[in-house]
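Colleague: Coordinates in query_25.pdb, PDB, C-alpha atoms, pLDDT in the B column, are listed below.
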ATOM      1  CA  MET A  61       0.000   0.000   0.000  1.00 40.00           C
ATOM      2  CA  GLU A  62       1.530   3.286  -1.039  1.00 46.00           C
ATOM      3  CA  GLY A  63       1.373   6.693   0.611  1.00 47.00           C
ATOM      4  CA  LEU A  64      -1.205   8.062  -1.787  1.00 43.00           C
ATOM      5  CA  THR A  65      -3.362   4.984  -1.292  1.00 46.00           C
ATOM      6  CA  LEU A  66      -3.190   5.586   2.443  1.00 50.00           C
ATOM      7  CA  LEU A  67      -4.455   9.101   1.867  1.00 50.00           C
ATOM      8  CA  ARG A  68      -7.249   7.980  -0.446  1.00 48.00           C
ATOM      9  CA  ASN A  69      -8.456   5.401   2.057  1.00 52.00           C
ATOM     10  CA  SER A  70      -8.310   7.978   4.862  1.00 67.00           C
ATOM     11  CA  LEU A  71      -6.027   5.814   6.969  1.00 87.00           C
ATOM     12  CA  LEU A  72      -3.496   8.639   7.203  1.00 91.00           C
ATOM     13  CA  VAL A  73      -4.579  12.213   6.603  1.00 91.00           C
ATOM     14  CA  PRO A  74      -2.518  15.378   7.084  1.00 91.00           C
ATOM     15  CA  THR A  75      -4.333  18.055   9.069  1.00 90.00           C
ATOM     16  CA  GLU A  76      -4.134  21.829   8.950  1.00 91.00           C
ATOM     17  CA  ARG A  77      -1.775  21.673  11.915  1.00 92.00           C
ATOM     18  CA  GLU A  78       1.755  21.165  10.659  1.00 92.00           C
ATOM     19  CA  LEU A  79       2.741  18.566  13.275  1.00 95.00           C
ATOM     20  CA  CYS A  80      -0.476  16.550  13.384  1.00 96.00           C
ATOM     21  CA  PHE A  81      -1.888  13.808  11.167  1.00 96.00           C
ATOM     22  CA  LEU A  82      -5.000  11.694  11.543  1.00 95.00           C
ATOM     23  CA  LEU A  83      -4.246   7.989  11.665  1.00 95.00           C
ATOM     24  CA  LEU A  84      -7.393   5.860  11.510  1.00 93.00           C
ATOM     25  CA  GLY A  85      -9.285   8.982  12.594  1.00 92.00           C
ATOM     26  CA  TYR A  86      -7.142   9.584  15.699  1.00 95.00           C
ATOM     27  CA  PRO A  87      -4.625  12.425  16.052  1.00 96.00           C
ATOM     28  CA  LEU A  88      -0.995  11.458  15.578  1.00 97.00           C
ATOM     29  CA  PHE A  89       1.185  14.223  17.032  1.00 97.00           C
ATOM     30  CA  LEU A  90       4.760  14.260  15.751  1.00 97.00           C
ATOM     31  CA  SER A  91       7.914  16.285  16.220  1.00 96.00           C
ATOM     32  CA  ARG A  92       8.891  18.668  13.437  1.00 96.00           C
ATOM     33  CA  THR A  93      11.447  16.224  12.022  1.00 95.00           C
ATOM     34  CA  GLU A  94       9.046  13.270  12.219  1.00 96.00           C
ATOM     35  CA  ALA A  95       6.314  15.264  10.455  1.00 96.00           C
ATOM     36  CA  THR A  96       8.753  16.278   7.712  1.00 95.00           C
ATOM     37  CA  LEU A  97       9.774  12.634   7.210  1.00 95.00           C
ATOM     38  CA  LEU A  98       6.165  11.488   7.077  1.00 95.00           C
ATOM     39  CA  ARG A  99       5.232  14.173   4.535  1.00 94.00           C
ATOM     40  CA  TYR A 100       8.261  13.154   2.448  1.00 94.00           C
ATOM     41  CA  LEU A 101       7.182   9.515   2.599  1.00 94.00           C
ATOM     42  CA  ILE A 102       3.622  10.392   1.577  1.00 92.00           C
ATOM     43  CA  THR A 103       4.931  12.294  -1.443  1.00 93.00           C
ATOM     44  CA  ASN A 104       7.754   9.967  -2.534  1.00 94.00           C
ATOM     45  CA  LYS A 105       6.420   6.591  -1.325  1.00 93.00           C
ATOM     46  CA  THR A 106       9.863   5.453  -0.108  1.00 94.00           C
ATOM     47  CA  ILE A 107      12.871   6.774   1.791  1.00 94.00           C
ATOM     48  CA  SER A 108      16.017   5.052   0.546  1.00 93.00           C
ATOM     49  CA  THR A 109      19.030   4.554   2.785  1.00 91.00           C
ATOM     50  CA  LYS A 110      21.285   3.758  -0.154  1.00 89.00           C
ATOM     51  CA  HIS A 111      23.338   6.964  -0.037  1.00 85.00           C
ATOM     52  CA  LEU A 112      23.308   7.599   3.718  1.00 85.00           C
ATOM     53  CA  THR A 113      26.354   7.321   5.949  1.00 85.00           C
ATOM     54  CA  GLY A 114      26.197   5.150   9.059  1.00 83.00           C
ATOM     55  CA  ARG A 115      25.398   8.028  11.403  1.00 88.00           C
ATOM     56  CA  SER A 116      22.725   9.475   9.093  1.00 91.00           C
ATOM     57  CA  ALA A 117      21.135   6.046   8.645  1.00 91.00           C
ATOM     58  CA  ASN A 118      21.037   5.582  12.433  1.00 94.00           C
ATOM     59  CA  THR A 119      19.447   9.004  12.927  1.00 94.00           C
ATOM     60  CA  LEU A 120      16.821   8.237  10.281  1.00 96.00           C
ATOM     61  CA  ALA A 121      16.110   4.857  11.904  1.00 96.00           C
ATOM     62  CA  ALA A 122      15.631   6.546  15.286  1.00 96.00           C
ATOM     63  CA  LYS A 123      13.160   9.068  13.837  1.00 97.00           C
ATOM     64  CA  ILE A 124      11.209   6.313  12.048  1.00 97.00           C
ATOM     65  CA  CYS A 125      11.152   4.349  15.306  1.00 97.00           C
ATOM     66  CA  GLY A 126       9.650   7.388  17.054  1.00 97.00           C
ATOM     67  CA  ILE A 127       6.916   7.631  14.421  1.00 98.00           C
ATOM     68  CA  ASN A 128       6.215   3.907  14.710  1.00 98.00           C
ATOM     69  CA  LYS A 129       5.943   4.046  18.514  1.00 98.00           C
ATOM     70  CA  LYS A 130       3.371   6.821  18.296  1.00 97.00           C
ATOM     71  CA  ALA A 131       1.460   5.067  15.497  1.00 97.00           C
ATOM     72  CA  HIS A 132       1.512   1.768  17.427  1.00 97.00           C
ATOM     73  CA  ARG A 133      -0.425   3.401  20.280  1.00 97.00           C
ATOM     74  CA  ILE A 134      -3.229   4.123  17.808  1.00 96.00           C
ATOM     75  CA  SER A 135      -3.238   1.162  15.419  1.00 94.00           C
ATOM     76  CA  GLY A 136      -1.348  -1.572  17.252  1.00 95.00           C
ATOM     77  CA  ARG A 137       0.997  -1.789  14.239  1.00 95.00           C
ATOM     78  CA  ARG A 138       4.032  -0.006  12.886  1.00 96.00           C
ATOM     79  CA  LEU A 139       3.180   2.628  10.288  1.00 96.00           C
ATOM     80  CA  ILE A 140       6.507   2.408   8.444  1.00 97.00           C
ATOM     81  CA  LEU A 141       8.467  -0.744   7.587  1.00 97.00           C
ATOM     82  CA  PHE A 142      12.038  -1.203   6.322  1.00 96.00           C
ATOM     83  CA  SER A 143      12.659  -3.578   3.423  1.00 94.00           C
ATOM     84  CA  ASP A 144      15.076  -3.764   0.508  1.00 92.00           C
ATOM     85  CA  GLY A 145      17.104  -0.782   1.717  1.00 91.00           C
ATOM     86  CA  ALA A 146      14.167   1.624   1.987  1.00 95.00           C
ATOM     87  CA  TYR A 147      11.407   2.698   4.350  1.00 96.00           C
ATOM     88  CA  ARG A 148       7.823   2.255   3.128  1.00 96.00           C
ATOM     89  CA  PHE A 149       4.318   2.410   4.546  1.00 95.00           C
ATOM     90  CA  ASN A 150       3.089  -0.780   6.170  1.00 93.00           C
ATOM     91  CA  PRO A 151       0.781  -2.460   3.636  1.00 91.00           C
ATOM     92  CA  TYR A 152      -1.015  -4.352   6.431  1.00 88.00           C
ATOM     93  CA  LEU A 153      -2.230  -1.315   8.337  1.00 82.00           C
TER      94      LEU A 153
END
Is it possible to express this structure as structure tokens?
Modeller:
Amino acid sequence: MEGLTLLRNSLLVPTERELCFLLLGYPLFLSRTEATLLRYLITNKTISTKHLTGRSANTLAAKICGINKKAHRISGRRLILFSDGAYRFNPYL
């Protein structure tokens, strides 16, 4: 399931507030960096780690983990999964 599909099915909807999204109809409050990453993922469908250095990849992983922890409280599942060297939306959400 891709980012745009998530938006069409109203599973994940950006709100007028910059740092808030609706996940399954519930508010998902994120930090500025997490919100930027999520908006990037919605637009581009994947975040590749191919050209990242070790420290940058670890920082990205930590931010994705923060998003997933907050999403897990709402849905009981991770919102973003890592496979084949890239982060993508969870197709089983």
Colleague: Under the rule that all atoms listed in the file are counted, which of A:Ser108, A:Leu98, A:Gly85, A:Thr119 is the nearest residue to Ile140 in chain A?
Modeller: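 Nearest candidate to Ile140 in chain A out of A:Ser108, A:Leu98, A:Gly85, A:Thr119: A:Leu98.
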Colleague: Report the distance between CA of Ser91 in chain A and CA of Arg77 in chain A in Å, rounded to one decimal place.
Modeller: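 If I compute the distance from CA of Ser91 in chain A to CA of Arg77 in chain A, I get 11.9 Å.
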Colleague: Report, as AutoDock Vina command-line options, the centre and edge lengths in Å (one decimal) of the axis-aligned box enclosing every listed atom of range 141-146 of chain A, padded by 4 Å on each side.
Modeller:
--center_x 12.8 --center_y -1.1 --center_z 4.0 --size_x 16.6 --size_y 13.4 --size_z 15.1
Colleague: Identify all residues satisfying the PyMOL selection byres ((chain A and resi 109) around 6) in the given file; provide them as a list in words.
Modeller: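 This file, filtered by the PyMOL selection byres ((chain A and resi 109) around 6), leaves Ser108, Lys110, His111, Leu112, Gly145 and Ala146 of chain A.
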Colleague: Store the residues of this selection in a file with C-alpha atoms, as an mmCIF file, in the coordinates of the input.
Modeller:
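Listed below is the output, selection22.cif:
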data_model
loop_
_atom_site.group_PDB
_atom_site.id
_atom_site.type_symbol
_atom_site.label_atom_id
_atom_site.label_comp_id
_atom_site.auth_asym_id
_atom_site.auth_seq_id
_atom_site.Cartn_x
_atom_site.Cartn_y
_atom_site.Cartn_z
ATOM 1 C CA SER A 108 16.017 5.052 0.546
ATOM 2 C CA LYS A 110 21.285 3.758 -0.154
ATOM 3 C CA HIS A 111 23.338 6.964 -0.037
ATOM 4 C CA LEU A 112 23.308 7.599 3.718
ATOM 5 C CA GLY A 145 17.104 -0.782 1.717
ATOM 6 C CA ALA A 146 14.167 1.624 1.987
#
Colleague: Could you write out as a PDB file with C-alpha atoms, keeping the file's coordinate frame the residues that the PyMOL selection byres ((chain A and resi 125-131) around 12) matches in the shown file?
Modeller:
ATOM      1  CA  LEU A  71      -6.027   5.814   6.969  1.00 87.00           C
ATOM      2  CA  LEU A  72      -3.496   8.639   7.203  1.00 91.00           C
ATOM      3  CA  LEU A  79       2.741  18.566  13.275  1.00 95.00           C
ATOM      4  CA  CYS A  80      -0.476  16.550  13.384  1.00 96.00           C
ATOM      5  CA  PHE A  81      -1.888  13.808  11.167  1.00 96.00           C
ATOM      6  CA  LEU A  82      -5.000  11.694  11.543  1.00 95.00           C
ATOM      7  CA  LEU A  83      -4.246   7.989  11.665  1.00 95.00           C
ATOM      8  CA  LEU A  84      -7.393   5.860  11.510  1.00 93.00           C
ATOM      9  CA  GLY A  85      -9.285   8.982  12.594  1.00 92.00           C
ATOM     10  CA  TYR A  86      -7.142   9.584  15.699  1.00 95.00           C
ATOM     11  CA  PRO A  87      -4.625  12.425  16.052  1.00 96.00           C
ATOM     12  CA  LEU A  88      -0.995  11.458  15.578  1.00 97.00           C
ATOM     13  CA  PHE A  89       1.185  14.223  17.032  1.00 97.00           C
ATOM     14  CA  LEU A  90       4.760  14.260  15.751  1.00 97.00           C
ATOM     15  CA  SER A  91       7.914  16.285  16.220  1.00 96.00           C
ATOM     16  CA  ARG A  92       8.891  18.668  13.437  1.00 96.00           C
ATOM     17  CA  THR A  93      11.447  16.224  12.022  1.00 95.00           C
ATOM     18  CA  GLU A  94       9.046  13.270  12.219  1.00 96.00           C
ATOM     19  CA  ALA A  95       6.314  15.264  10.455  1.00 96.00           C
ATOM     20  CA  THR A  96       8.753  16.278   7.712  1.00 95.00           C
ATOM     21  CA  LEU A  97       9.774  12.634   7.210  1.00 95.00           C
ATOM     22  CA  LEU A  98       6.165  11.488   7.077  1.00 95.00           C
ATOM     23  CA  ARG A  99       5.232  14.173   4.535  1.00 94.00           C
ATOM     24  CA  LEU A 101       7.182   9.515   2.599  1.00 94.00           C
ATOM     25  CA  ASN A 118      21.037   5.582  12.433  1.00 94.00           C
ATOM     26  CA  THR A 119      19.447   9.004  12.927  1.00 94.00           C
ATOM     27  CA  LEU A 120      16.821   8.237  10.281  1.00 96.00           C
ATOM     28  CA  ALA A 121      16.110   4.857  11.904  1.00 96.00           C
ATOM     29  CA  ALA A 122      15.631   6.546  15.286  1.00 96.00           C
ATOM     30  CA  LYS A 123      13.160   9.068  13.837  1.00 97.00           C
ATOM     31  CA  ILE A 124      11.209   6.313  12.048  1.00 97.00           C
ATOM     32  CA  HIS A 132       1.512   1.768  17.427  1.00 97.00           C
ATOM     33  CA  ARG A 133      -0.425   3.401  20.280  1.00 97.00           C
ATOM     34  CA  ILE A 134      -3.229   4.123  17.808  1.00 96.00           C
ATOM     35  CA  SER A 135      -3.238   1.162  15.419  1.00 94.00           C
ATOM     36  CA  GLY A 136      -1.348  -1.572  17.252  1.00 95.00           C
ATOM     37  CA  ARG A 137       0.997  -1.789  14.239  1.00 95.00           C
ATOM     38  CA  ARG A 138       4.032  -0.006  12.886  1.00 96.00           C
ATOM     39  CA  LEU A 139       3.180   2.628  10.288  1.00 96.00           C
ATOM     40  CA  ILE A 140       6.507   2.408   8.444  1.00 97.00           C
ATOM     41  CA  LEU A 141       8.467  -0.744   7.587  1.00 97.00           C
ATOM     42  CA  PHE A 142      12.038  -1.203   6.322  1.00 96.00           C
ATOM     43  CA  TYR A 147      11.407   2.698   4.350  1.00 96.00           C
ATOM     44  CA  ARG A 148       7.823   2.255   3.128  1.00 96.00           C
ATOM     45  CA  PHE A 149       4.318   2.410   4.546  1.00 95.00           C
ATOM     46  CA  ASN A 150       3.089  -0.780   6.170  1.00 93.00           C
ATOM     47  CA  LEU A 153      -2.230  -1.315   8.337  1.00 82.00           C
TER      48      LEU A 153
END
Colleague: Mind pulling up the distance from CA of Ala117 in chain A to CA of Pro74 in chain A?
Modeller: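 Distance between the two atoms: 25.5 Å.
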Colleague: Of the candidates A:Ile107, A:Tyr100, A:Glu78, A:Val73, which shows the shortest atom-to-atom distance to Asp144 in chain A, using only C-alpha atoms?
Modeller: A:Ile107
